[in-house]
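Worksheet for the structure shown next.
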Amino acid sequence: MTERNGANAGRHGAAESPHRTTPTTKPTPRIRMSAGQRREQLIRIARQLFAERGFDATSIEEVASRAKVSKPVVYEHFGGKEGLYAVVVDREVRALLERIATALTAGHPRELLEQAALALLGYIEEETSGFRVLVRESPVMSPSGSFSSVMNDVAHRVEHILGAEFSSRGYDPKLAELYSQALVGMVALTGRWWLEVRRPGKETVAAHLVNLAWNGLSHLEAKPGLITVRGQ
């Protein structure tokens with residue numbers, strides 16, 4: 001009887017022992033990204049860093065740190081900082097050109113100018129980081145990967161529109177290239193300014209750009225000259 005009570009007491013004491021351990025929750029395993037998902041993550045992080053700091057001030061170490069991977073992972077995907085930067089810039093170039101090409105649907109030249117201006121300003125407004133990457137020129141990039149090359153592409157599209165308009169008005173169509181560069185350059189530089197100030201609103205900025213460009217084009221002189229040169 002004593003032995004049985006002792007055994008019961010032992011079992012009871014074990015049940016109420018203050019030193020009894022409770023099962024610990026196992027940590028949730030990290031979800032491994034596929035190669036494609038990791039590549040997209042690295043591009044997204046690099047895009048933000050290049051926009052904030054530019055090419056020179058951005059390091060592979062920081063890209064890897066933000067992605068929580070080792071540097072060799074970044075090198076494996078892009079070969080180095082130059083390769084990563086080239087991919088980021090190429091994506092932004094294609095995105096901007098696609099946006100502008102999609103916007104140019106009108107038949108009237110003035111409406112086309114409006115659409116082009118609004119497309120560029122819309123890109124600046126909605127893809128600010130991407131635009132900052134494009135306007136930060138890098139010494140490692142070829143001319144085909146810079147903001148100026150994007151604007152040249154846009155200018156060539158505008159050149160065809162102006163060439164037809166010049167021919168119908170009796171102006172020299174060979175000058176369409178000069179005017180297209182001037183018009184696109186005006187919009188692009190205004191866009192860089194508007195990137196920082198963001199006022200007045202996008203539609204107002206576009207309206208004033210088109211006002212200056214269109215009213216100037218509608219009163220072109222067939223053979224303009226410089227007043228200062230005439231007086232000499």
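Ordering of the structure tokens sets the chain letters (A, B, ...); residue numbers start at 1 within each chain; ligands are numbered from 1 in the order shown.
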
Would you kindly return, as number ranges by chain, each protein, DNA or RNA residue with an atom no farther than 9 Å from any atom of segment 195-208 of chain A, considering only C-alpha atoms and excluding same-chain residues fewer than 4 positions away? A: 113-118, 121-122, 124-125, 128, 131-132, 187, 190-191, 212-213

Taking 6 positions as the minimum chain separation for residues in the same chain, which residues sit within 12 Å of Glu40 of chain A when counting only C-alpha atoms? Answer as a tab-separated table (two decimals) with N, CA and C atoms, in the first residue's frame.
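Dumped to result.tsv:
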```
chain	number	residue	atom	x	y	z
A	33	MET	N	13.29	31.58	-53.55
A	33	MET	CA	12.86	32.18	-54.81
A	33	MET	C	13.41	31.38	-55.98
A	34	SER	N	12.66	31.38	-57.04
A	34	SER	CA	13.18	30.80	-58.27
A	34	SER	C	14.22	31.76	-58.85
A	46	ALA	N	17.97	47.35	-57.36
A	46	ALA	CA	18.99	48.15	-58.03
A	46	ALA	C	18.38	49.40	-58.66
A	47	ARG	N	17.21	49.28	-59.24
A	47	ARG	CA	16.53	50.43	-59.84
A	47	ARG	C	16.35	51.55	-58.82
A	67	ALA	N	18.75	42.67	-50.68
A	67	ALA	CA	18.08	41.46	-51.16
A	67	ALA	C	18.29	40.27	-50.21
A	74	VAL	N	24.46	38.06	-56.99
A	74	VAL	CA	24.26	39.19	-57.91
A	74	VAL	C	25.15	39.04	-59.13
A	77	HIS	N	23.89	36.51	-61.69
A	77	HIS	CA	22.78	36.94	-62.54
A	77	HIS	C	23.19	38.00	-63.57
A	78	PHE	N	24.10	38.91	-63.18
A	78	PHE	CA	24.36	40.07	-64.04
A	78	PHE	C	25.82	40.28	-64.41
A	84	LEU	N	24.18	44.88	-64.38
A	84	LEU	CA	22.93	45.15	-63.69
A	84	LEU	C	22.36	46.50	-64.09
A	87	VAL	N	20.79	46.44	-67.59
A	87	VAL	CA	19.46	45.82	-67.61
A	87	VAL	C	18.41	46.79	-67.12
A	88	VAL	N	18.71	47.50	-66.04
A	88	VAL	CA	17.76	48.46	-65.47
A	88	VAL	C	17.45	49.56	-66.49
A	91	ARG	N	15.36	48.43	-69.55
A	91	ARG	CA	13.93	48.27	-69.22
A	91	ARG	C	13.21	49.61	-69.20
```

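Take the candidates A:Ala188, A:Ala57, A:Ile161, A:Val229 and check each one against Ala176 of chain A using only C-alpha atoms; the shortest distance goes to A:Ile161.
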
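Atom pair atom CA of Lys81 of chain A / atom CA of Glu61 of chain A has a distance of 10.0 Å (rounded to one decimal).
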
When you look at Ser65 of chain A with a cut-off of 12 Å (counting only C-alpha atoms), what residues show up, excluding the ones that are within fewer than 6 positions of it in the same chain? I need them as a PyMOL selection string. chain A and resi 42+45-46+49+58-59+71-74

For Glu159 of chain A, please output as a ChimeraX atom specification all residues within 8 Å (counting only C-alpha atoms; exclusion window: fewer than 6 positions along the same chain). /A:176-177,179-180

Quick one: pick out all helix (DSSP H, G or I) residues within segment 2-232 of chain A from a backbone DSSP run and write them as a PyMOL selection string. chain A and resi 2-15+35-53+60-67+71-78+81-103+109-126+128-135+143-145+147-169+173-197+202-217+227-230

Pick out the residues sitting within 10 Å of Arg169 of chain A, and hand them over as a compact mmCIF listing (two decimals) with N, CA and C atoms, in the first residue's frame; count only C-alpha atoms, and ignore anything fewer than 4 positions along from it in its own chain.
```
# COMPACT_ATOMS: atom_id res chain seq x y z
N ALA A 164 6.05 65.71 -93.03
CA ALA A 164 4.83 65.77 -93.84
C ALA A 164 4.15 67.12 -93.71
N GLU A 165 4.15 67.66 -92.50
CA GLU A 165 3.53 68.97 -92.26
C GLU A 165 4.29 70.08 -92.99
N PRO A 173 11.35 70.26 -96.08
CA PRO A 173 11.19 69.09 -95.19
C PRO A 173 12.51 68.61 -94.60
N SER A 218 2.93 77.26 -86.13
CA SER A 218 1.88 77.74 -87.03
C SER A 218 2.20 79.09 -87.65
N LEU A 220 5.53 79.94 -88.63
CA LEU A 220 6.93 79.84 -89.05
C LEU A 220 7.21 80.74 -90.26
N ALA A 222 9.26 81.20 -93.66
CA ALA A 222 9.83 80.26 -94.63
C ALA A 222 11.36 80.31 -94.61
```

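The coordinates place atom CA of Leu134 of chain A at 26.2 Å from atom CA of Leu162 of chain A.
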